[in-house]
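Asker: Quick one: structure below, then a few questions.
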Amino acid sequence: MNKEKIYILLESQIDETDFNNFKKTIENIRSKIPQNKKAPNQNDLSFVIEDLDQILSSKTLDRAKYYLKRTLKALTKVKTNKINDINLNRWKNYQDIITDSLWLIGKRDKTGAHNGAYWGNFVPQIPNQLIKRYTKKNDWVLDTFLGSGTTLIECKRLGRNGVGVELLSKVVKLAKENIDKENNPYEIKTEIIKGDSTSINFKEEIEKLKTKNFQLVIMHPPYWDIIKFSKNKKDLSNTKTQKEFLKNFGEIVDGVTPVLQKGRYLAVVIGDKYSNGEWIPLAFNTMQEVLNRGYKLKSTIVKNFDETKGKMKQKELWRYRALAGGFYIFKHEYIFIFQKP
Ligand SMILES: C[S@@+](CC[C@H](N)C(=O)[O-])C[C@H]1O[C@@H](n2cnc3c(N)ncnc32)[C@H](O)[C@@H]1O
């Protein structure tokens, strides 16, 4: 039984006055709805079954009809907000969208063009979640530290236009190869700009693309000098001090702010670092740079990560060091969500 048929049958019960007849008919409709054994997605009708169970457990006909009207609305009307395509009338169907501030992401998504080979990349689930939550189809996403192209691959999958900036030629080449491998079912545009995000004129870039502004900015900078990406002086992983790192990061925020649409979101993915026996709160210091520029903090997300391959072999050694040295081993990084006022 399809959606339209269910709607017609349910609607016919709006004028029913006998509670027993009403319940019998609803039970009958419920038995004909195909059950989906997997997690709900945007298209399946499992939510109707849940709704009908609620209707059937109602103690009065009035209450049952109140729920019935809600189900009819969920079957026909689309209710979205200004920043994404999530149909709030069917919010239960979006089990794939995380709403908790603790992200325990299991295996890296290695499907399609995602391969995880670039050292220092993020799991595709991060841009996937951010794009679904903070953009609509055909919106524009900017990633100021493109790396291997993860964000733009997700843009292609989800039907958003994407622009990525990457400083290093060889990484630009790698990103292009990766992005080209992914299909483009929604025929969106992806652009890679080879350059230094601290000095790019984003206003000029966006004019070239013939659009007014970006609806989401994702920033996944080097975690200062933890991984050295190159010897290039403009590379944020080569900044000599934390102060210099934060200054350069802040300049990028200054550059993107005029091209981020008002009310839209900026996400920063970053971790802390440990140096000379001291935990450096690099992530919070970086967060402060964005707050200093008038953004509103919407969430601080803690995301788990697995040991890097190197550390995995030295697991026992690190455990010993932690016990002896009074510190904890890094198992998380942060995703800060900001809204441009
Ligand atoms: C943490 S990685 C980003 C990885 C990316 N999210 C991915 O999934 O592959 C940071 C990237 O920023 C680049 N980078 C460093 N300084 C930069 C700058 N000033 N402008 C643009 N890119 C820069 C590095 O070369 C590196 O590829």
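Going through the structure tokens in order, the chains are called A, B, and so on, while each chain numbers its residues from 1 and the ligands are numbered from 1 in the order shown.
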Can I get the residues of stretch 100-198 of chain A within 10 Å of stretch 76-91 of chain A, each with the closest pair of atoms and their distance in Å to one decimal, using only C-alpha atoms, sorted chain first then ascending number, as a tab-separated table?

Answerer:
residue	atom	partner	partner_atom	distance
A:Ile131	CA	A:Asn84	CA	8.4
A:Lys132	CA	A:Asn84	CA	6.7
A:Arg133	CA	A:Asn84	CA	5.9
A:Tyr134	CA	A:Ile83	CA	5.3
A:Thr135	CA	A:Asn84	CA	4.6
A:Lys136	CA	A:Asn84	CA	4.5
A:Lys137	CA	A:Asp85	CA	7.3
A:Asp139	CA	A:Asn84	CA	9.4

Asker: What does the file look like for those residues with N, CA, C and O atoms, as a compact mmCIF listing (two decimals), in the first residue's frame?

Answerer:
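Now in again24.txt:
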# COMPACT_ATOMS: atom_id res chain seq x y z
N ILE A 131 26.58 19.09 6.54
CA ILE A 131 25.90 19.54 5.32
C ILE A 131 24.40 19.26 5.42
O ILE A 131 23.57 20.10 5.08
N LYS A 132 24.05 18.07 5.92
CA LYS A 132 22.61 17.73 6.02
C LYS A 132 21.90 18.63 7.03
O LYS A 132 20.75 18.99 6.84
N ARG A 133 22.61 19.00 8.06
CA ARG A 133 21.99 19.77 9.14
C ARG A 133 21.92 21.26 8.82
O ARG A 133 21.01 21.96 9.26
N TYR A 134 22.91 21.76 8.07
CA TYR A 134 23.01 23.22 7.93
C TYR A 134 22.89 23.74 6.50
O TYR A 134 23.18 24.91 6.26
N THR A 135 22.52 22.88 5.56
CA THR A 135 22.31 23.41 4.20
C THR A 135 21.10 22.77 3.54
O THR A 135 20.64 21.71 3.94
N LYS A 136 20.64 23.45 2.48
CA LYS A 136 19.58 22.91 1.63
C LYS A 136 20.21 22.48 0.31
O LYS A 136 21.33 22.90 0.00
N LYS A 137 19.46 21.73 -0.48
CA LYS A 137 19.95 21.34 -1.81
C LYS A 137 20.31 22.60 -2.59
O LYS A 137 19.62 23.62 -2.50
N ASP A 139 22.58 24.70 -2.09
CA ASP A 139 23.31 25.71 -1.33
C ASP A 139 24.80 25.60 -1.66
O ASP A 139 25.23 24.65 -2.32

Asker: Can you work out which residues are within 7 Å of ligand 1, considering only C-alpha atoms and all ligand atoms, and then hand them over as a PyMOL selection string?

Answerer: chain A and resi 118+120-123+144-151+165-168+171+195-198+220-223+229-230+234-237

Asker: Name the residues in contact with A:Gly159 at a cut-off of 7 Å, using only C-alpha atoms, excluding same-chain residues fewer than 5 positions from it; report them as an MDAnalysis selection string.

Answerer: chainID A and resid 137:138 186 188

Asker: Let me see the file: selected residues, N, CA, C and O atoms, as a PDB file, in the first residue's frame.

Answerer:
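Full text of out14.pdb as output:
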ATOM      1  N   LYS A 137      19.462  21.729  -0.483  1.00  0.00           N
ATOM      2  CA  LYS A 137      19.948  21.340  -1.814  1.00  0.00           C
ATOM      3  C   LYS A 137      20.313  22.604  -2.595  1.00  0.00           C
ATOM      4  O   LYS A 137      19.616  23.620  -2.502  1.00  0.00           O
ATOM      5  N   ASN A 138      21.404  22.509  -3.345  1.00  0.00           N
ATOM      6  CA  ASN A 138      21.913  23.605  -4.181  1.00  0.00           C
ATOM      7  C   ASN A 138      22.531  24.773  -3.420  1.00  0.00           C
ATOM      8  O   ASN A 138      22.939  25.751  -4.017  1.00  0.00           O
ATOM      9  N   TYR A 186      23.410  15.116  -8.804  1.00  0.00           N
ATOM     10  CA  TYR A 186      22.594  16.344  -8.753  1.00  0.00           C
ATOM     11  C   TYR A 186      23.147  17.453  -9.647  1.00  0.00           C
ATOM     12  O   TYR A 186      22.654  18.571  -9.631  1.00  0.00           O
ATOM     13  N   ILE A 188      25.837  19.296  -9.402  1.00  0.00           N
ATOM     14  CA  ILE A 188      26.240  20.520  -8.692  1.00  0.00           C
ATOM     15  C   ILE A 188      27.662  20.893  -9.127  1.00  0.00           C
ATOM     16  O   ILE A 188      28.340  20.121  -9.806  1.00  0.00           O
TER      17      ILE A 188
END

Asker: Using DSSP on the backbone, list every residue of stretch 32-259 of chain A that comes out as strand (DSSP E or B), and give them as a list in words.

Answerer: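 For stretch 32-259 of chain A, the strand (DSSP E or B) set is Leu102, Trp103, Trp140, Val141, Leu142, Asp143, Asn161, Gly162, Val163, Gly164, Val165, Glu166, Thr190, Glu191, Ile192, Ile193, Lys194, Phe214, Gln215, Leu216, Val217, Ile218 and Met219 of chain A.
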
Asker: If you keep N, CA, C and O atoms, can you produce a file of those selected residues as a JSON list (two decimals), in the first residue's frame?

Answerer:
[["chain", "number", "residue", "atom", "x", "y", "z"],
["A", 102, "LEU", "N", 27.70, 14.44, 21.77],
["A", 102, "LEU", "CA", 28.79, 13.46, 21.82],
["A", 102, "LEU", "C", 28.70, 12.58, 20.58],
["A", 102, "LEU", "O", 27.70, 11.87, 20.39],
["A", 103, "TRP", "N", 29.68, 12.67, 19.71],
["A", 103, "TRP", "CA", 29.65, 11.90, 18.46],
["A", 103, "TRP", "C", 30.59, 10.70, 18.58],
["A", 103, "TRP", "O", 31.81, 10.87, 18.57],
["A", 140, "TRP", "N", 25.56, 26.58, -1.15],
["A", 140, "TRP", "CA", 27.01, 26.62, -1.40],
["A", 140, "TRP", "C", 27.79, 26.38, -0.10],
["A", 140, "TRP", "O", 27.54, 27.07, 0.90],
["A", 141, "VAL", "N", 28.74, 25.45, -0.16],
["A", 141, "VAL", "CA", 29.56, 25.10, 1.01],
["A", 141, "VAL", "C", 31.01, 25.49, 0.71],
["A", 141, "VAL", "O", 31.51, 25.23, -0.38],
["A", 142, "LEU", "N", 31.67, 26.10, 1.69],
["A", 142, "LEU", "CA", 33.09, 26.45, 1.52],
["A", 142, "LEU", "C", 33.92, 25.69, 2.56],
["A", 142, "LEU", "O", 33.58, 25.68, 3.75],
["A", 143, "ASP", "N", 34.99, 25.03, 2.10],
["A", 143, "ASP", "CA", 35.93, 24.38, 3.01],
["A", 143, "ASP", "C", 37.27, 25.08, 2.82],
["A", 143, "ASP", "O", 37.86, 25.01, 1.73],
["A", 161, "ASN", "N", 26.53, 22.68, -3.84],
["A", 161, "ASN", "CA", 27.71, 23.18, -4.54],
["A", 161, "ASN", "C", 28.83, 23.35, -3.53],
["A", 161, "ASN", "O", 28.57, 23.76, -2.39],
["A", 162, "GLY", "N", 30.07, 23.08, -3.95],
["A", 162, "GLY", "CA", 31.16, 23.14, -2.98],
["A", 162, "GLY", "C", 32.40, 23.81, -3.52],
["A", 162, "GLY", "O", 32.77, 23.64, -4.68],
["A", 163, "VAL", "N", 33.06, 24.61, -2.65],
["A", 163, "VAL", "CA", 34.33, 25.24, -3.00],
["A", 163, "VAL", "C", 35.33, 24.86, -1.92],
["A", 163, "VAL", "O", 35.01, 24.92, -0.72],
["A", 164, "GLY", "N", 36.52, 24.47, -2.34],
["A", 164, "GLY", "CA", 37.54, 24.10, -1.36],
["A", 164, "GLY", "C", 38.85, 24.81, -1.66],
["A", 164, "GLY", "O", 39.22, 24.96, -2.82],
["A", 165, "VAL", "N", 39.53, 25.28, -0.60],
["A", 165, "VAL", "CA", 40.83, 25.92, -0.78],
["A", 165, "VAL", "C", 41.90, 25.02, -0.19],
["A", 165, "VAL", "O", 41.74, 24.52, 0.93],
["A", 166, "GLU", "N", 42.96, 24.83, -0.94],
["A", 166, "GLU", "CA", 44.08, 24.02, -0.44],
["A", 166, "GLU", "C", 45.37, 24.67, -0.91],
["A", 166, "GLU", "O", 45.51, 25.09, -2.05],
["A", 190, "THR", "N", 31.61, 21.84, -8.30],
["A", 190, "THR", "CA", 32.67, 21.79, -7.28],
["A", 190, "THR", "C", 33.88, 22.54, -7.85],
["A", 190, "THR", "O", 34.23, 22.38, -9.01],
["A", 191, "GLU", "N", 34.47, 23.37, -7.01],
["A", 191, "GLU", "CA", 35.61, 24.19, -7.42],
["A", 191, "GLU", "C", 36.73, 24.02, -6.42],
["A", 191, "GLU", "O", 36.49, 24.08, -5.21],
["A", 192, "ILE", "N", 37.95, 23.81, -6.93],
["A", 192, "ILE", "CA", 39.09, 23.79, -6.01],
["A", 192, "ILE", "C", 39.92, 25.03, -6.29],
["A", 192, "ILE", "O", 40.26, 25.31, -7.45],
["A", 193, "ILE", "N", 40.23, 25.76, -5.23],
["A", 193, "ILE", "CA", 41.11, 26.92, -5.39],
["A", 193, "ILE", "C", 42.43, 26.56, -4.76],
["A", 193, "ILE", "O", 42.48, 26.20, -3.57],
["A", 194, "LYS", "N", 43.50, 26.65, -5.57],
["A", 194, "LYS", "CA", 44.82, 26.41, -4.97],
["A", 194, "LYS", "C", 45.31, 27.73, -4.42],
["A", 194, "LYS", "O", 45.47, 28.70, -5.17],
["A", 214, "PHE", "N", 28.04, 32.03, 0.70],
["A", 214, "PHE", "CA", 28.05, 30.63, 1.12],
["A", 214, "PHE", "C", 27.02, 30.45, 2.24],
["A", 214, "PHE", "O", 26.78, 31.36, 3.02],
["A", 215, "GLN", "N", 26.48, 29.24, 2.29],
["A", 215, "GLN", "CA", 25.51, 28.96, 3.35],
["A", 215, "GLN", "C", 26.15, 28.14, 4.49],
["A", 215, "GLN", "O", 25.56, 28.03, 5.56],
["A", 216, "LEU", "N", 27.32, 27.56, 4.23],
["A", 216, "LEU", "CA", 28.03, 26.83, 5.30],
["A", 216, "LEU", "C", 29.52, 26.92, 5.04],
["A", 216, "LEU", "O", 29.96, 26.75, 3.90],
["A", 217, "VAL", "N", 30.27, 27.21, 6.10],
["A", 217, "VAL", "CA", 31.73, 27.17, 5.99],
["A", 217, "VAL", "C", 32.25, 26.09, 6.95],
["A", 217, "VAL", "O", 31.85, 26.05, 8.11],
["A", 218, "ILE", "N", 33.08, 25.20, 6.42],
["A", 218, "ILE", "CA", 33.69, 24.16, 7.24],
["A", 218, "ILE", "C", 35.19, 24.44, 7.30],
["A", 218, "ILE", "O", 35.82, 24.65, 6.27],
["A", 219, "MET", "N", 35.74, 24.48, 8.50],
["A", 219, "MET", "CA", 37.18, 24.73, 8.66],
["A", 219, "MET", "C", 37.80, 23.58, 9.45],
["A", 219, "MET", "O", 37.43, 23.35, 10.59]]

Asker: Counting only C-alpha atoms, figure out which residue out of A:Lys273, A:Lys296, A:Lys313, A:Lys340 gets nearest to A:Val259.

Answerer: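 Using only C-alpha atoms, A:Val259 sits closest to A:Lys340.
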
Asker: Would you return as a ChimeraX atom specification the members of stretch 43-193 of chain A that DSSP assigns to alpha helix (DSSP H) on this structure's backbone?

Answerer: /A:46-56,61-76,125-134,150-158,169-181

Asker: Would you write out those residues with C-alpha atoms, as a short mmCIF file (atom, residue, chain, number, x, y, z; two decimals), in the first residue's frame?

Answerer:
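Output contents, as saved in result_5.cif:
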data_model
loop_
_atom_site.label_atom_id
_atom_site.label_comp_id
_atom_site.auth_asym_id
_atom_site.auth_seq_id
_atom_site.Cartn_x
_atom_site.Cartn_y
_atom_site.Cartn_z
CA SER A 46 7.39 3.04 9.38
CA PHE A 47 6.53 6.33 11.03
CA VAL A 48 2.89 5.78 10.01
CA ILE A 49 2.87 2.44 11.84
CA GLU A 50 4.22 4.14 14.97
CA ASP A 51 1.61 6.88 14.63
CA LEU A 52 -1.20 4.37 14.14
CA ASP A 53 -0.10 2.52 17.28
CA GLN A 54 -0.37 5.78 19.14
CA ILE A 55 -3.84 6.37 17.67
CA LEU A 56 -4.91 2.85 18.66
CA LEU A 61 -12.11 9.15 20.00
CA ASP A 62 -11.25 12.85 20.27
CA ARG A 63 -7.68 12.11 21.24
CA ALA A 64 -7.37 9.46 18.53
CA LYS A 65 -8.57 11.95 15.91
CA TYR A 66 -6.11 14.54 17.15
CA TYR A 67 -3.28 12.06 16.44
CA LEU A 68 -4.87 11.06 13.15
CA LYS A 69 -4.88 14.67 11.92
CA ARG A 70 -1.21 14.93 12.83
CA THR A 71 -0.42 11.80 10.82
CA LEU A 72 -2.33 13.13 7.81
CA LYS A 73 -0.28 16.31 8.00
CA ALA A 74 2.96 14.34 8.21
CA LEU A 75 1.93 12.38 5.11
CA THR A 76 1.34 15.44 2.96
CA GLN A 125 30.67 11.44 8.42
CA ILE A 126 31.66 14.89 9.76
CA PRO A 127 30.95 16.94 6.61
CA ASN A 128 28.01 14.63 5.85
CA GLN A 129 26.33 15.50 9.15
CA LEU A 130 27.13 19.20 8.89
CA ILE A 131 25.90 19.54 5.32
CA LYS A 132 22.61 17.73 6.02
CA ARG A 133 21.99 19.77 9.14
CA TYR A 134 23.01 23.22 7.93
CA THR A 150 36.32 14.90 1.70
CA THR A 151 33.90 17.83 1.98
CA LEU A 152 33.48 18.22 -1.78
CA ILE A 153 32.85 14.49 -2.24
CA GLU A 154 30.04 14.81 0.31
CA CYS A 155 28.75 17.91 -1.50
CA LYS A 156 28.41 15.86 -4.69
CA ARG A 157 26.55 13.11 -2.86
CA LEU A 158 24.17 15.46 -1.12
CA SER A 169 49.81 21.63 -5.24
CA LYS A 170 50.24 17.92 -4.66
CA VAL A 171 47.27 17.85 -2.29
CA VAL A 172 45.15 19.82 -4.76
CA LYS A 173 45.97 17.15 -7.35
CA LEU A 174 44.98 14.39 -4.96
CA ALA A 175 41.73 16.17 -4.03
CA LYS A 176 40.86 16.62 -7.70
CA GLU A 177 41.45 12.94 -8.42
CA ASN A 178 39.30 11.91 -5.45
CA ILE A 179 36.47 14.32 -6.24
CA ASP A 180 36.44 13.35 -9.93
CA LYS A 181 35.94 9.71 -8.93
#

Asker: One decimal, in Å: what's the spacing between atom CA of A:Ile29 and atom CA of A:Asp96?

Answerer: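 We find that atom CA of A:Ile29 and atom CA of A:Asp96 lie 27.5 Å from each other.
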
Asker: Quick one, how far is atom CA of A:Lys243 from atom CA of A:Lys203?

Answerer: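 According to the coordinates, atom CA of A:Lys243 and atom CA of A:Lys203 are separated by 26.6 Å.
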
Asker: Would you mind listing what lies within 10 Å of A:Lys32 as a ChimeraX atom specification, with only C-alpha atoms counted and same-chain residues fewer than 6 positions away left out?

Answerer: /A:1-2,6,49

Asker: For the selection just defined, write its residues with C-alpha atoms to a file, as a PDB file, in the first residue's frame.

Answerer:
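again.pdb, written as the output of this step:
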ATOM      1  CA  MET A   1       0.000   0.000   0.000  1.00  0.00           C
ATOM      2  CA  ASN A   2       1.472   3.347  -0.995  1.00  0.00           C
ATOM      3  CA  ILE A   6      -2.936   5.183   3.112  1.00  0.00           C
ATOM      4  CA  ILE A  49       2.872   2.445  11.841  1.00  0.00           C
TER       5      ILE A  49
END

Asker: So which residues touch A:Val253 within 9 Å, counting only C-alpha atoms, skipping near sequence neighbours fewer than 4 positions away, as a PyMOL selection string?

Answerer: chain A and resi 198+248-249+257+289-290+293

Asker: Keeping N, CA, C and O atoms, export the residues of the selection given above as a PDB file, in the first residue's frame.

Answerer:
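File written: part20.pdb
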ATOM      1  N   THR A 198      44.569  32.400   4.143  1.00  0.00           N
ATOM      2  CA  THR A 198      44.699  33.642   4.924  1.00  0.00           C
ATOM      3  C   THR A 198      44.680  34.875   4.025  1.00  0.00           C
ATOM      4  O   THR A 198      44.401  35.971   4.492  1.00  0.00           O
ATOM      5  N   ASN A 248      46.745  33.637  12.339  1.00  0.00           N
ATOM      6  CA  ASN A 248      46.479  33.232  10.949  1.00  0.00           C
ATOM      7  C   ASN A 248      45.074  32.644  10.803  1.00  0.00           C
ATOM      8  O   ASN A 248      44.366  32.921   9.836  1.00  0.00           O
ATOM      9  N   PHE A 249      44.683  31.830  11.780  1.00  0.00           N
ATOM     10  CA  PHE A 249      43.341  31.247  11.735  1.00  0.00           C
ATOM     11  C   PHE A 249      42.292  32.369  11.758  1.00  0.00           C
ATOM     12  O   PHE A 249      41.329  32.358  10.981  1.00  0.00           O
ATOM     13  N   THR A 257      34.005  35.677   6.667  1.00  0.00           N
ATOM     14  CA  THR A 257      32.793  36.251   7.280  1.00  0.00           C
ATOM     15  C   THR A 257      31.936  37.063   6.287  1.00  0.00           C
ATOM     16  O   THR A 257      30.718  36.868   6.236  1.00  0.00           O
ATOM     17  N   GLU A 289      38.785  32.589  19.008  1.00  0.00           N
ATOM     18  CA  GLU A 289      39.042  33.485  17.865  1.00  0.00           C
ATOM     19  C   GLU A 289      37.747  33.761  17.099  1.00  0.00           C
ATOM     20  O   GLU A 289      37.519  34.869  16.633  1.00  0.00           O
ATOM     21  N   VAL A 290      36.910  32.737  16.961  1.00  0.00           N
ATOM     22  CA  VAL A 290      35.648  32.914  16.224  1.00  0.00           C
ATOM     23  C   VAL A 290      34.682  33.756  17.068  1.00  0.00           C
ATOM     24  O   VAL A 290      34.046  34.687  16.563  1.00  0.00           O
ATOM     25  N   ARG A 293      34.941  37.417  17.030  1.00  0.00           N
ATOM     26  CA  ARG A 293      34.454  38.095  15.822  1.00  0.00           C
ATOM     27  C   ARG A 293      32.929  38.173  15.785  1.00  0.00           C
ATOM     28  O   ARG A 293      32.335  38.359  14.725  1.00  0.00           O
TER      29      ARG A 293
END

Asker: How many Å lie between atom CA of A:Ile270 and atom CA of A:Leu209, rounded to one decimal?

Answerer: 28.6 Å
